[in-house]
file start09.tsv (TSV, C-alpha atoms)
chain	number	residue	atom	x	y	z
A	1	MET	CA	-0.10	-15.29	-14.74
A	2	LYS	CA	3.43	-14.61	-15.99
A	3	ARG	CA	5.84	-17.49	-16.39
A	4	THR	CA	9.48	-17.30	-17.43
A	5	LEU	CA	12.27	-19.86	-17.59
A	6	TRP	CA	15.56	-18.01	-17.19
A	7	HIS	CA	18.21	-20.27	-18.64
A	8	HIS	CA	21.76	-20.53	-19.98
A	9	LEU	CA	23.16	-19.02	-16.80
A	10	LYS	CA	25.73	-19.78	-14.11
A	11	LEU	CA	24.05	-19.79	-10.72
A	12	CYS	CA	25.33	-18.75	-7.29
A	13	ALA	CA	22.05	-19.14	-5.42
A	14	GLU	CA	23.38	-18.77	-1.87
A	15	GLY	CA	25.98	-16.05	-2.40
A	16	ASP	CA	28.75	-18.61	-1.90
A	17	PRO	CA	31.21	-18.92	-4.84
A	18	ASN	CA	32.12	-22.39	-3.59
A	19	ARG	CA	28.57	-23.62	-4.21
A	20	THR	CA	27.53	-22.89	-7.78
A	21	THR	CA	25.92	-24.51	-10.81
A	22	ASP	CA	27.70	-23.94	-14.12
A	23	ASP	CA	24.71	-24.45	-16.43
A	24	ALA	CA	21.54	-23.59	-14.59
A	25	ALA	CA	17.96	-22.40	-15.01
A	26	ILE	CA	15.42	-20.56	-12.83
A	27	ALA	CA	11.65	-21.01	-13.27
A	28	VAL	CA	9.68	-17.96	-12.16
A	29	GLU	CA	5.90	-17.73	-11.87
A	30	ASP	CA	4.12	-14.55	-10.82
A	31	GLY	CA	7.29	-13.06	-9.42
A	32	LYS	CA	8.37	-16.04	-7.34
A	33	ILE	CA	10.88	-18.80	-7.93
A	34	VAL	CA	9.16	-22.17	-8.35
A	35	TRP	CA	12.25	-24.15	-9.29
A	36	LEU	CA	15.97	-23.70	-9.86
A	37	GLY	CA	18.82	-26.05	-10.61
A	38	ALA	CA	20.88	-27.58	-13.38
A	39	SER	CA	19.53	-27.06	-16.89
A	40	SER	CA	19.69	-30.78	-17.50
A	41	ASP	CA	17.21	-31.28	-14.64
A	42	VAL	CA	14.51	-28.79	-15.68
A	43	PRO	CA	11.13	-30.48	-14.99
A	44	SER	CA	9.02	-31.10	-18.05
A	45	ALA	CA	6.30	-28.81	-16.64
A	46	PHE	CA	8.57	-25.80	-17.27
A	47	THR	CA	10.19	-26.68	-20.58
A	48	GLU	CA	7.51	-24.99	-22.69
A	49	TRP	CA	7.46	-21.76	-20.70
A	50	PRO	CA	8.68	-18.53	-22.36
A	51	ARG	CA	12.44	-18.37	-22.05
A	52	GLU	CA	14.97	-15.67	-21.25
A	53	ASP	CA	18.47	-16.58	-22.44
A	54	LEU	CA	21.18	-15.07	-20.19
A	55	LYS	CA	23.97	-16.25	-22.52
A	56	GLY	CA	26.12	-17.81	-19.82
A	57	ALA	CA	26.07	-14.85	-17.41
A	58	TRP	CA	26.50	-15.26	-13.67
A	59	VAL	CA	23.42	-14.84	-11.48
A	60	THR	CA	23.52	-14.07	-7.74
A	61	PRO	CA	20.86	-12.99	-5.27
A	62	GLY	CA	20.19	-9.26	-5.43
A	63	LEU	CA	22.69	-7.44	-3.23
A	64	ILE	CA	21.71	-5.90	0.12
A	65	ASP	CA	23.13	-2.64	1.44
A	66	CYS	CA	22.33	-3.17	5.12
A	67	HIS	CA	23.75	0.04	6.66
A	68	THR	CA	23.22	3.41	4.99
A	69	HIS	CA	22.42	7.01	5.87
A	70	LEU	CA	21.22	7.63	2.32
A	71	VAL	CA	18.70	10.38	3.07
A	72	TYR	CA	20.28	13.73	3.94
A	73	GLY	CA	20.58	17.27	2.64
A	74	GLY	CA	23.66	18.87	1.09
A	75	GLN	CA	27.19	17.49	1.06
A	76	ARG	CA	30.50	18.11	2.83
A	77	ALA	CA	33.06	18.14	0.04
A	78	ASP	CA	34.44	21.52	1.11
A	79	GLU	CA	35.08	20.17	4.59
A	80	PHE	CA	36.92	17.24	3.02
A	81	ALA	CA	39.11	19.71	1.16
A	82	GLN	CA	39.74	21.63	4.39
A	83	ARG	CA	40.83	18.47	6.20
A	84	LEU	CA	43.21	17.64	3.36
A	85	ALA	CA	44.66	21.13	3.77
A	86	GLY	CA	45.34	20.46	7.44
A	87	VAL	CA	42.31	22.01	9.15
A	88	SER	CA	41.32	19.95	12.18
A	89	TYR	CA	37.89	18.41	12.66
A	90	GLU	CA	37.49	20.51	15.82
A	91	ALA	CA	38.20	23.71	13.89
A	92	ILE	CA	35.71	22.73	11.20
A	93	ALA	CA	33.10	22.01	13.86
A	94	LYS	CA	33.65	25.45	15.43
A	95	GLN	CA	32.97	26.96	12.00
A	96	GLY	CA	29.57	25.25	12.03
A	97	GLY	CA	30.73	22.23	10.04
A	98	GLY	CA	30.69	18.52	10.75
A	99	ILE	CA	27.45	16.73	11.44
A	100	VAL	CA	25.83	20.02	12.48
A	101	SER	CA	26.16	21.27	8.90
A	102	THR	CA	24.35	18.19	7.60
A	103	VAL	CA	21.66	18.59	10.25
A	104	ARG	CA	21.23	22.21	9.19
A	105	ALA	CA	20.99	21.30	5.48
A	106	THR	CA	18.60	18.42	6.16
A	107	ARG	CA	16.33	20.53	8.32
A	108	ALA	CA	16.28	23.25	5.65
A	109	ALA	CA	15.45	20.91	2.74
A	110	ASP	CA	11.80	20.33	1.95
A	111	GLU	CA	10.60	16.79	1.40
A	112	SER	CA	10.72	17.05	-2.39
A	113	SER	CA	14.30	18.33	-2.44
A	114	LEU	CA	15.41	15.70	0.06
A	115	TYR	CA	13.82	13.00	-2.07
A	116	GLU	CA	15.57	14.19	-5.25
A	117	GLN	CA	18.99	14.30	-3.59
A	118	SER	CA	18.54	10.85	-2.07
A	119	ALA	CA	17.11	9.29	-5.24
A	120	ALA	CA	20.27	10.14	-7.17
A	121	ARG	CA	22.35	8.22	-4.64
A	122	LEU	CA	19.93	5.29	-4.67
A	123	GLU	CA	20.04	5.02	-8.46
A	124	ALA	CA	23.79	4.49	-8.34
A	125	LEU	CA	23.35	1.64	-5.87
A	126	LEU	CA	20.61	0.01	-7.94
A	127	ALA	CA	22.97	-0.03	-10.92
A	128	ASP	CA	25.37	-2.01	-8.71
A	129	GLY	CA	22.89	-4.86	-8.30
A	130	VAL	CA	21.27	-3.73	-5.03
A	131	THR	CA	17.66	-4.89	-4.55
A	132	ALA	CA	17.30	-4.17	-0.80
A	133	ILE	CA	18.61	-1.31	1.32
A	134	GLU	CA	18.42	-0.12	4.90
A	135	ILE	CA	18.08	3.66	5.32
A	136	LYS	CA	18.66	5.37	8.66
A	137	SER	CA	17.44	8.72	9.88
A	138	GLY	CA	19.69	10.69	12.23
A	139	TYR	CA	20.42	13.97	10.45
A	140	GLY	CA	17.29	15.66	11.71
A	141	LEU	CA	17.62	15.25	15.49
A	142	ASP	CA	14.17	16.71	15.98
A	143	LEU	CA	10.80	15.07	15.44
A	144	ALA	CA	9.79	17.00	12.34
A	145	THR	CA	13.00	16.35	10.43
A	146	GLU	CA	13.41	12.75	11.54
A	147	ARG	CA	9.85	12.19	10.31
A	148	LYS	CA	10.69	13.88	7.02
A	149	MET	CA	13.75	11.67	6.51
A	150	LEU	CA	11.86	8.47	7.23
A	151	ARG	CA	8.99	9.52	4.98
A	152	VAL	CA	11.44	10.09	2.15
A	153	ALA	CA	12.99	6.68	2.76
A	154	ARG	CA	9.56	5.07	2.53
A	155	GLN	CA	8.84	6.98	-0.70
A	156	LEU	CA	12.07	5.68	-2.23
A	157	GLY	CA	10.90	2.14	-1.55
A	158	GLU	CA	7.52	2.86	-3.10
A	159	ARG	CA	8.83	4.54	-6.25
A	160	TYR	CA	11.92	2.47	-6.99
A	161	PRO	CA	12.28	-1.29	-7.52
A	162	VAL	CA	14.01	-1.86	-4.19
A	163	THR	CA	13.00	-3.08	-0.74
A	164	VAL	CA	13.63	-0.35	1.84
A	165	ARG	CA	13.72	-0.91	5.58
A	166	THR	CA	13.88	2.17	7.77
A	167	THR	CA	15.90	2.63	10.93
A	168	PHE	CA	15.28	5.42	13.45
A	169	LEU	CA	18.65	6.83	14.50
A	170	GLY	CA	17.51	9.76	16.59
A	171	ALA	CA	20.37	8.97	18.99
A	172	HIS	CA	22.99	9.75	16.35
A	173	ALA	CA	24.40	12.95	17.81
A	174	LEU	CA	23.45	15.67	20.25
A	175	PRO	CA	21.59	18.50	18.48
A	176	PRO	CA	22.81	22.06	19.15
A	177	GLU	CA	19.67	23.01	21.06
A	178	PHE	CA	20.41	20.24	23.59
A	179	ALA	CA	24.08	21.13	24.09
A	180	GLY	CA	25.21	19.89	27.50
A	181	ARG	CA	21.89	18.07	28.07
A	182	ALA	CA	22.40	14.62	26.60
A	183	ASP	CA	20.09	12.89	29.09
A	184	ASP	CA	17.32	15.34	28.28
A	185	TYR	CA	17.76	14.61	24.59
A	186	ILE	CA	17.57	10.86	25.21
A	187	ASP	CA	14.30	11.55	27.06
A	188	GLU	CA	13.05	13.28	23.90
A	189	VAL	CA	14.17	10.36	21.69
A	190	CYS	CA	12.62	7.67	23.89
A	191	ASN	CA	9.45	9.34	25.14
A	192	HIS	CA	8.39	11.51	22.21
A	193	MET	CA	10.19	10.92	18.93
A	194	LEU	CA	10.23	7.11	18.84
A	195	PRO	CA	6.59	6.65	19.95
A	196	ALA	CA	5.34	9.19	17.41
A	197	LEU	CA	7.32	7.78	14.51
A	198	ALA	CA	6.52	4.18	15.38
A	199	ASP	CA	2.81	4.96	15.60
A	200	GLU	CA	3.05	6.42	12.08
A	201	GLY	CA	4.54	3.18	10.76
A	202	LEU	CA	7.87	4.74	9.88
A	203	VAL	CA	10.21	2.60	12.00
A	204	ASP	CA	11.41	-0.92	11.22
A	205	ALA	CA	14.41	-0.82	13.58
A	206	VAL	CA	16.13	1.49	16.08
A	207	ASP	CA	19.84	2.34	16.10
A	208	VAL	CA	22.10	4.30	18.47
A	209	PHE	CA	25.65	5.64	18.19
A	210	CYS	CA	27.31	4.33	21.34
A	211	GLU	CA	30.65	6.10	21.50
A	212	ARG	CA	32.54	8.74	23.46
A	213	ILE	CA	31.44	11.36	20.90
A	214	GLY	CA	27.95	9.86	20.77
A	215	PHE	CA	26.01	8.40	23.68
A	216	SER	CA	27.01	6.45	26.77
A	217	LEU	CA	26.19	2.84	27.56
A	218	ALA	CA	23.47	3.92	29.98
A	219	GLN	CA	21.91	6.31	27.47
A	220	SER	CA	22.12	3.67	24.72
A	221	GLU	CA	20.39	1.14	26.92
A	222	ARG	CA	17.53	3.56	27.52
A	223	VAL	CA	17.03	3.73	23.74
A	224	PHE	CA	17.06	-0.07	23.53
A	225	GLU	CA	14.54	-0.31	26.36
A	226	ALA	CA	12.24	2.10	24.57
A	227	ALA	CA	12.48	-0.01	21.40
A	228	ALA	CA	11.87	-3.22	23.35
A	229	ARG	CA	8.65	-1.81	24.80
A	230	ARG	CA	7.36	-1.61	21.23
A	231	ASN	CA	8.92	-4.88	20.05
A	232	ILE	CA	11.13	-3.05	17.55
A	233	ALA	CA	14.44	-4.63	16.54
A	234	VAL	CA	17.64	-2.81	17.47
A	235	LYS	CA	21.09	-2.17	15.97
A	236	MET	CA	24.13	-0.30	17.19
A	237	HIS	CA	27.03	1.79	15.92
A	238	ALA	CA	29.61	0.25	18.23
A	239	GLU	CA	33.34	0.14	18.93
A	240	GLN	CA	34.22	2.42	16.01
A	241	LEU	CA	36.56	4.76	17.88
A	242	SER	CA	37.05	3.03	21.22
A	243	ASN	CA	36.13	-0.12	23.11
A	244	SER	CA	33.18	1.04	25.18
A	245	GLY	CA	31.39	-2.29	25.59
A	246	GLY	CA	28.56	-1.27	23.30
A	247	THR	CA	28.61	-4.52	21.37
A	248	ALA	CA	28.05	-6.60	24.51
A	249	LEU	CA	25.08	-4.35	25.34
A	250	ALA	CA	23.71	-4.78	21.83
A	251	ALA	CA	24.07	-8.54	22.14
A	252	ARG	CA	22.11	-8.51	25.43
A	253	TYR	CA	19.22	-6.99	23.52
A	254	ARG	CA	19.60	-9.51	20.66
A	255	ALA	CA	20.50	-6.74	18.23
A	256	LEU	CA	20.25	-7.52	14.55
A	257	SER	CA	23.74	-6.12	14.10
A	258	ALA	CA	26.62	-4.25	15.64
A	259	ASP	CA	28.37	-2.06	13.09
A	260	HIS	CA	31.89	-0.65	12.51
A	261	LEU	CA	33.65	-2.68	15.28
A	262	GLU	CA	37.26	-1.63	14.73
A	263	PHE	CA	37.92	-1.69	18.50
A	264	LEU	CA	35.86	-4.80	19.30
A	265	ASP	CA	37.41	-7.24	21.79
A	266	GLU	CA	37.01	-10.99	22.28
A	267	ALA	CA	34.34	-10.63	24.96
A	268	GLY	CA	32.24	-8.60	22.56
A	269	VAL	CA	32.76	-11.14	19.77
A	270	ALA	CA	31.70	-13.98	22.07
A	271	ALA	CA	28.58	-12.06	23.06
A	272	MET	CA	27.69	-11.53	19.39
A	273	ARG	CA	28.09	-15.22	18.69
A	274	GLU	CA	25.81	-16.13	21.58
A	275	ALA	CA	23.14	-13.63	20.54
A	276	GLY	CA	23.28	-14.29	16.80
A	277	THR	CA	24.16	-10.63	16.16
A	278	VAL	CA	25.71	-9.89	12.76
A	279	ALA	CA	28.98	-7.98	12.49
A	280	VAL	CA	28.57	-5.25	9.86
A	281	LEU	CA	31.92	-3.97	8.60
A	282	LEU	CA	32.10	-0.59	6.88
A	283	PRO	CA	35.36	-0.27	4.93
A	284	GLY	CA	34.33	3.02	3.30
A	285	ALA	CA	34.35	4.82	6.65
A	286	TYR	CA	37.57	3.08	7.69
A	287	TYR	CA	39.21	4.32	4.49
A	288	PHE	CA	37.74	7.81	4.48
A	289	ILE	CA	38.73	8.74	8.05
A	290	ARG	CA	42.13	7.05	7.62
A	291	GLU	CA	41.59	4.63	10.49
A	292	THR	CA	44.46	2.29	11.31
A	293	GLN	CA	42.79	-0.03	13.83
A	294	LEU	CA	41.51	-3.06	11.91
A	295	PRO	CA	38.33	-4.85	12.96
A	296	PRO	CA	39.13	-8.24	14.57
A	297	LEU	CA	38.56	-10.49	11.56
A	298	ASP	CA	40.38	-13.47	13.04
A	299	LEU	CA	38.23	-13.37	16.18
A	300	LEU	CA	35.02	-13.00	14.18
A	301	ARG	CA	36.03	-15.99	12.05
A	302	ARG	CA	37.06	-18.08	15.03
A	303	TYR	CA	33.71	-17.51	16.75
A	304	LYS	CA	31.84	-17.95	13.45
A	305	VAL	CA	30.08	-14.60	13.73
A	306	PRO	CA	28.32	-13.80	10.44
A	307	ILE	CA	29.99	-10.83	8.75
A	308	ALA	CA	28.18	-8.37	6.49
A	309	VAL	CA	29.68	-5.55	4.41
A	310	SER	CA	27.90	-2.28	3.63
A	311	THR	CA	28.52	1.17	2.21
A	312	ASP	CA	27.65	3.28	5.29
A	313	SER	CA	26.69	5.81	2.63
A	314	ASN	CA	26.77	9.18	4.41
A	315	PRO	CA	28.08	12.71	3.77
A	316	GLY	CA	30.73	12.89	6.47
A	317	THR	CA	32.70	9.65	6.63
A	318	SER	CA	31.66	7.45	3.70
A	319	PRO	CA	30.25	9.29	0.66
A	320	ALA	CA	30.01	5.96	-1.16
A	321	THR	CA	27.37	4.78	-3.61
A	322	SER	CA	28.94	1.51	-4.78
A	323	LEU	CA	28.55	-1.71	-2.84
A	324	LEU	CA	30.96	-3.44	-5.24
A	325	LEU	CA	33.64	-0.92	-4.28
A	326	MET	CA	33.02	-1.76	-0.61
A	327	MET	CA	33.55	-5.44	-1.44
A	328	ASN	CA	36.92	-4.56	-2.96
A	329	MET	CA	37.85	-2.41	0.05
A	330	ALA	CA	36.83	-5.17	2.47
A	331	CYS	CA	39.18	-7.52	0.64
A	332	THR	CA	42.11	-5.12	0.30
A	333	LEU	CA	41.84	-3.28	3.63
A	334	PHE	CA	40.41	-5.97	5.91
A	335	ARG	CA	41.84	-9.03	4.10
A	336	MET	CA	38.43	-10.63	3.69
A	337	THR	CA	38.09	-13.36	1.07
A	338	VAL	CA	35.86	-13.28	-2.00
A	339	PRO	CA	33.41	-15.83	-0.52
A	340	GLU	CA	33.25	-13.77	2.68
A	341	VAL	CA	32.46	-10.48	0.97
A	342	LEU	CA	29.93	-11.98	-1.44
A	343	GLN	CA	28.05	-13.61	1.42
A	344	GLY	CA	28.55	-10.34	3.29
A	345	VAL	CA	26.34	-8.52	0.78
A	346	THR	CA	23.82	-11.36	0.39
A	347	ARG	CA	23.09	-13.99	3.08
A	348	HIS	CA	24.67	-12.28	6.07
A	349	ALA	CA	23.53	-8.83	5.00
A	350	ALA	CA	19.96	-10.17	4.90
A	351	ARG	CA	20.20	-11.07	8.60
A	352	ALA	CA	21.52	-7.61	9.50
A	353	PHE	CA	18.81	-6.12	7.26
A	354	GLY	CA	16.21	-7.88	9.38
A	355	ASP	CA	14.54	-9.95	6.66
A	356	ALA	CA	16.51	-13.11	5.95
A	357	ASP	CA	13.27	-14.94	5.13
A	358	HIS	CA	12.86	-12.98	1.90
A	359	HIS	CA	16.31	-11.73	0.92
A	360	GLY	CA	19.89	-12.92	0.56
A	361	LEU	CA	19.48	-16.20	-1.31
A	362	LEU	CA	17.55	-17.71	-4.19
A	363	ALA	CA	15.28	-20.68	-3.51
A	364	PRO	CA	11.83	-21.98	-4.45
A	365	GLY	CA	9.10	-19.93	-2.81
A	366	ARG	CA	11.21	-16.78	-2.59
A	367	HIS	CA	10.83	-13.64	-4.65
A	368	ALA	CA	12.76	-13.70	-7.91
A	369	ASP	CA	15.13	-10.87	-6.97
A	370	PHE	CA	18.50	-11.41	-8.60
A	371	ALA	CA	21.41	-9.68	-10.29
A	372	VAL	CA	22.91	-10.72	-13.63
A	373	TRP	CA	26.65	-10.06	-14.00
A	374	SER	CA	28.86	-9.45	-17.03
A	375	VAL	CA	31.81	-11.36	-15.59
A	376	GLN	CA	33.55	-14.65	-16.23
A	377	SER	CA	34.40	-15.22	-12.57
A	378	LEU	CA	32.56	-14.19	-9.41
A	379	ALA	CA	35.90	-12.98	-8.06
A	380	GLU	CA	35.61	-10.10	-10.52
A	381	LEU	CA	32.84	-8.61	-8.38
A	382	ALA	CA	35.47	-7.82	-5.74
A	383	TYR	CA	38.32	-7.26	-8.20
A	384	TRP	CA	37.38	-4.47	-10.58
A	385	ILE	CA	37.39	-0.87	-9.33
A	386	GLY	CA	34.96	1.52	-11.01
A	387	ARG	CA	33.96	-0.83	-13.82
A	388	PRO	CA	30.20	-1.41	-14.35
A	389	LEU	CA	29.57	-5.12	-13.95
A	390	CYS	CA	25.83	-5.48	-13.40
A	391	ALA	CA	24.11	-6.29	-16.70
A	392	ARG	CA	20.56	-6.64	-15.35
A	393	VAL	CA	18.61	-6.47	-12.14
A	394	VAL	CA	15.50	-8.62	-11.85
A	395	ARG	CA	13.00	-7.95	-9.09
A	396	GLY	CA	9.89	-10.02	-8.67
A	397	GLY	CA	10.70	-11.69	-11.98
A	398	GLU	CA	10.71	-8.38	-13.91
A	399	ILE	CA	13.75	-6.69	-15.42
A	400	VAL	CA	14.00	-3.37	-13.55
A	401	TYR	CA	17.50	-2.37	-14.67
A	402	GLU	CA	19.47	-3.16	-17.78
A	403	ARG	CA	22.84	-1.63	-18.55
A	404	ARG	CA	23.16	-0.01	-21.90
A	405	LEU	CA	26.02	-1.54	-23.87
call {"tool": "encode", "arguments": {"input": "start09.tsv", "output": "structure tokens"}}
result
Amino acid sequence: MKRTLWHHLKLCAEGDPNRTTDDAAIAVEDGKIVWLGASSDVPSAFTEWPREDLKGAWVTPGLIDCHTHLVYGGQRADEFAQRLAGVSYEAIAKQGGGIVSTVRATRAADESSLYEQSAARLEALLADGVTAIEIKSGYGLDLATERKMLRVARQLGERYPVTVRTTFLGAHALPPEFAGRADDYIDEVCNHMLPALADEGLVDAVDVFCERIGFSLAQSERVFEAAARRNIAVKMHAEQLSNSGGTALAARYRALSADHLEFLDEAGVAAMREAGTVAVLLPGAYYFIRETQLPPLDLLRRYKVPIAVSTDSNPGTSPATSLLLMMNMACTLFRMTVPEVLQGVTRHAARAFGDADHHGLLAPGRHADFAVWSVQSLAELAYWIGRPLCARVVRGGEIVYERRL
């Protein structure tokens, strides 16, 4: 039985900078929080426990990256350079680039190579205070490769001190072998790929890219129906490039989240509010593709829709491995506030992640998963660009990361 009293810390237990304790302590027994509060109120039962002095550092819940495509083969830096030189996306695609190039690289990579590439990206996120991460498939677009991606995601959760939830995104794009046969591919996703992967225990949620360059509303609904038959939670890439009504569809199926949302309208926002669906904003993709249409922050605020922020870590539109940078971008590009972005990577991200009962806030009975920050103000988490701020990561009461000074 391991007992530790973490003390001499400033506590932001709920991810809200407006609700903090300046001199706090956290009592942890066997990996779980048994008490937290002001140091002056520590119960006598804990005062003789072994202590860990955090020297006045800030403590928040471990961060949650609730939308990533972390597992994939290769990279697309050369395509980025081509676009900067004026080559169109269509021209790059005709050369065999775009998502097809990532599908090709992912299919070609064996499981060990795919794991090594993905682990390097995960390590960067862990050093940013992340203790939970969602990882989507979607760069395989056939059963064997989608399985390989999800297996690698599971392995990352087993070998690293992070909670991983997997999302099957078979309906991410149309694979070359199904060109011109989108309905046939959706048949494959719903009737073969999803059942096989779910039976193997590889699927925690199902996602679909509902967009003019992705899949239609009718095709997206077929994916949701297939997930519903197996009682699997759903998510949606929605309203990123146009207002197709995908968010309203997602809300009808009580989706955990609708993500991107630059072209979301008031009807979609109202549907999200009614369904309890989280809005996941992805400023890295907005920045990287030079989007100019802002997501409707004022509407989301007015309807009190919970807003999460994530990296969307992927090779084509958001090659990001820093959740802190995404917090800064959400503030500067979307005009979100510091309390909004901090809750967007803790409490609200936990709902989009699909496990708010165990992640997103610190309270008695919950796992002792928290980040320790070398900052004087919590606003610094969204202020600094490229500066390492996480001093320690604690998971289950154990120090799993400590920055070398």
call {"tool": "residues_around", "arguments": {"input": "start09.tsv", "residues": "Pro295 in chain A", "least_positions_apart": "6", "cutoff": "10 Å", "atoms": "only C-alpha atoms", "output": "PyMOL selection string"}}
result
chain A and resi 239-240+260-265+279+281-283+286+334
call {"tool": "residues_near_point", "arguments": {"input": "start09.tsv", "point": "(25.4, -16.4, 13.2)", "cutoff": "12 Å", "atoms": "all atoms listed in the file", "output": "number ranges by chain"}}
result
A: 251, 254-257, 269-279, 300-308, 347-352, 356
call {"tool": "write_last_selection", "arguments": {"input": "start09.tsv", "atoms": "C-alpha atoms", "output": "PDB file, keeping the file's coordinate frame"}}
result
ATOM      1  CA  ALA A 251      24.070  -8.540  22.140  1.00  0.00           C
ATOM      2  CA  ARG A 254      19.600  -9.510  20.660  1.00  0.00           C
ATOM      3  CA  ALA A 255      20.500  -6.740  18.230  1.00  0.00           C
ATOM      4  CA  LEU A 256      20.250  -7.520  14.550  1.00  0.00           C
ATOM      5  CA  SER A 257      23.740  -6.120  14.100  1.00  0.00           C
ATOM      6  CA  VAL A 269      32.760 -11.140  19.770  1.00  0.00           C
ATOM      7  CA  ALA A 270      31.700 -13.980  22.070  1.00  0.00           C
ATOM      8  CA  ALA A 271      28.580 -12.060  23.060  1.00  0.00           C
ATOM      9  CA  MET A 272      27.690 -11.530  19.390  1.00  0.00           C
ATOM     10  CA  ARG A 273      28.090 -15.220  18.690  1.00  0.00           C
ATOM     11  CA  GLU A 274      25.810 -16.130  21.580  1.00  0.00           C
ATOM     12  CA  ALA A 275      23.140 -13.630  20.540  1.00  0.00           C
ATOM     13  CA  GLY A 276      23.280 -14.290  16.800  1.00  0.00           C
ATOM     14  CA  THR A 277      24.160 -10.630  16.160  1.00  0.00           C
ATOM     15  CA  VAL A 278      25.710  -9.890  12.760  1.00  0.00           C
ATOM     16  CA  ALA A 279      28.980  -7.980  12.490  1.00  0.00           C
ATOM     17  CA  LEU A 300      35.020 -13.000  14.180  1.00  0.00           C
ATOM     18  CA  ARG A 301      36.030 -15.990  12.050  1.00  0.00           C
ATOM     19  CA  ARG A 302      37.060 -18.080  15.030  1.00  0.00           C
ATOM     20  CA  TYR A 303      33.710 -17.510  16.750  1.00  0.00           C
ATOM     21  CA  LYS A 304      31.840 -17.950  13.450  1.00  0.00           C
ATOM     22  CA  VAL A 305      30.080 -14.600  13.730  1.00  0.00           C
ATOM     23  CA  PRO A 306      28.320 -13.800  10.440  1.00  0.00           C
ATOM     24  CA  ILE A 307      29.990 -10.830   8.750  1.00  0.00           C
ATOM     25  CA  ALA A 308      28.180  -8.370   6.490  1.00  0.00           C
ATOM     26  CA  ARG A 347      23.090 -13.990   3.080  1.00  0.00           C
ATOM     27  CA  HIS A 348      24.670 -12.280   6.070  1.00  0.00           C
ATOM     28  CA  ALA A 349      23.530  -8.830   5.000  1.00  0.00           C
ATOM     29  CA  ALA A 350      19.960 -10.170   4.900  1.00  0.00           C
ATOM     30  CA  ARG A 351      20.200 -11.070   8.600  1.00  0.00           C
ATOM     31  CA  ALA A 352      21.520  -7.610   9.500  1.00  0.00           C
ATOM     32  CA  ALA A 356      16.510 -13.110   5.950  1.00  0.00           C
TER      33      ALA A 356
END
call {"tool": "residues_around", "arguments": {"input": "start09.tsv", "residues": "Thr60 in chain A", "least_positions_apart": "3", "cutoff": "8 Å", "atoms": "all atoms listed in the file", "output": "list of chain:residue names"}}
result
A:Leu11, A:Cys12, A:Ala13, A:Glu14, A:Gly15, A:Leu361, A:Leu362, A:Phe370, A:Ala371, A:Val372
call {"tool": "residues_near_point", "arguments": {"input": "start09.tsv", "point": "(34.7, 20.0, 0.6)", "cutoff": "12 Å", "atoms": "all atoms listed in the file", "output": "MDAnalysis selection string"}}
result
chainID A and resid 74:85 87 92 97:98 101 315:316 319
call {"tool": "write_last_selection", "arguments": {"input": "start09.tsv", "atoms": "C-alpha atoms", "output": "PDB file, keeping the file's coordinate frame"}}
result
ATOM      1  CA  GLY A  74      23.660  18.870   1.090  1.00  0.00           C
ATOM      2  CA  GLN A  75      27.190  17.490   1.060  1.00  0.00           C
ATOM      3  CA  ARG A  76      30.500  18.110   2.830  1.00  0.00           C
ATOM      4  CA  ALA A  77      33.060  18.140   0.040  1.00  0.00           C
ATOM      5  CA  ASP A  78      34.440  21.520   1.110  1.00  0.00           C
ATOM      6  CA  GLU A  79      35.080  20.170   4.590  1.00  0.00           C
ATOM      7  CA  PHE A  80      36.920  17.240   3.020  1.00  0.00           C
ATOM      8  CA  ALA A  81      39.110  19.710   1.160  1.00  0.00           C
ATOM      9  CA  GLN A  82      39.740  21.630   4.390  1.00  0.00           C
ATOM     10  CA  ARG A  83      40.830  18.470   6.200  1.00  0.00           C
ATOM     11  CA  LEU A  84      43.210  17.640   3.360  1.00  0.00           C
ATOM     12  CA  ALA A  85      44.660  21.130   3.770  1.00  0.00           C
ATOM     13  CA  VAL A  87      42.310  22.010   9.150  1.00  0.00           C
ATOM     14  CA  ILE A  92      35.710  22.730  11.200  1.00  0.00           C
ATOM     15  CA  GLY A  97      30.730  22.230  10.040  1.00  0.00           C
ATOM     16  CA  GLY A  98      30.690  18.520  10.750  1.00  0.00           C
ATOM     17  CA  SER A 101      26.160  21.270   8.900  1.00  0.00           C
ATOM     18  CA  PRO A 315      28.080  12.710   3.770  1.00  0.00           C
ATOM     19  CA  GLY A 316      30.730  12.890   6.470  1.00  0.00           C
ATOM     20  CA  PRO A 319      30.250   9.290   0.660  1.00  0.00           C
TER      21      PRO A 319
END
call {"tool": "residues_around", "arguments": {"input": "start09.tsv", "residues": "Ser137 in chain A", "least_positions_apart": "5", "cutoff": "7 Å", "atoms": "all atoms listed in the file", "output": "ChimeraX atom specification"}}
result
/A:69,146,149-150,167-170
call {"tool": "closest_residue", "arguments": {"input": "start09.tsv", "among": "A:Leu143, A:Val393, A:Leu324, A:Val375", "to": "Asn191 in chain A", "atoms": "all atoms listed in the file"}}
result
A:Leu143
call {"tool": "closest_residue", "arguments": {"input": "start09.tsv", "among": "A:Ala144, A:Cys331, A:Ala285, A:Ala108", "to": "Thr317 in chain A", "atoms": "only C-alpha atoms"}}
result
A:Ala285
call {"tool": "atom_distance", "arguments": {"input": "start09.tsv", "atom1": "CA of Phe215 in chain A", "atom2": "CA of Glu200 in chain A"}}
result
25.8 Å
call {"tool": "residues_around", "arguments": {"input": "start09.tsv", "residues": "range 157-165 of chain A", "least_positions_apart": "4", "cutoff": "8 Å", "atoms": "all atoms listed in the file", "output": "PyMOL selection string"}}
result
chain A and resi 126+130-135+153+204+353+395+400
call {"tool": "residues_around", "arguments": {"input": "start09.tsv", "residues": "Met1 in chain A", "least_positions_apart": "5", "cutoff": "10 Å", "atoms": "all atoms listed in the file", "output": "PyMOL selection string"}}
result
chain A and resi 29-31
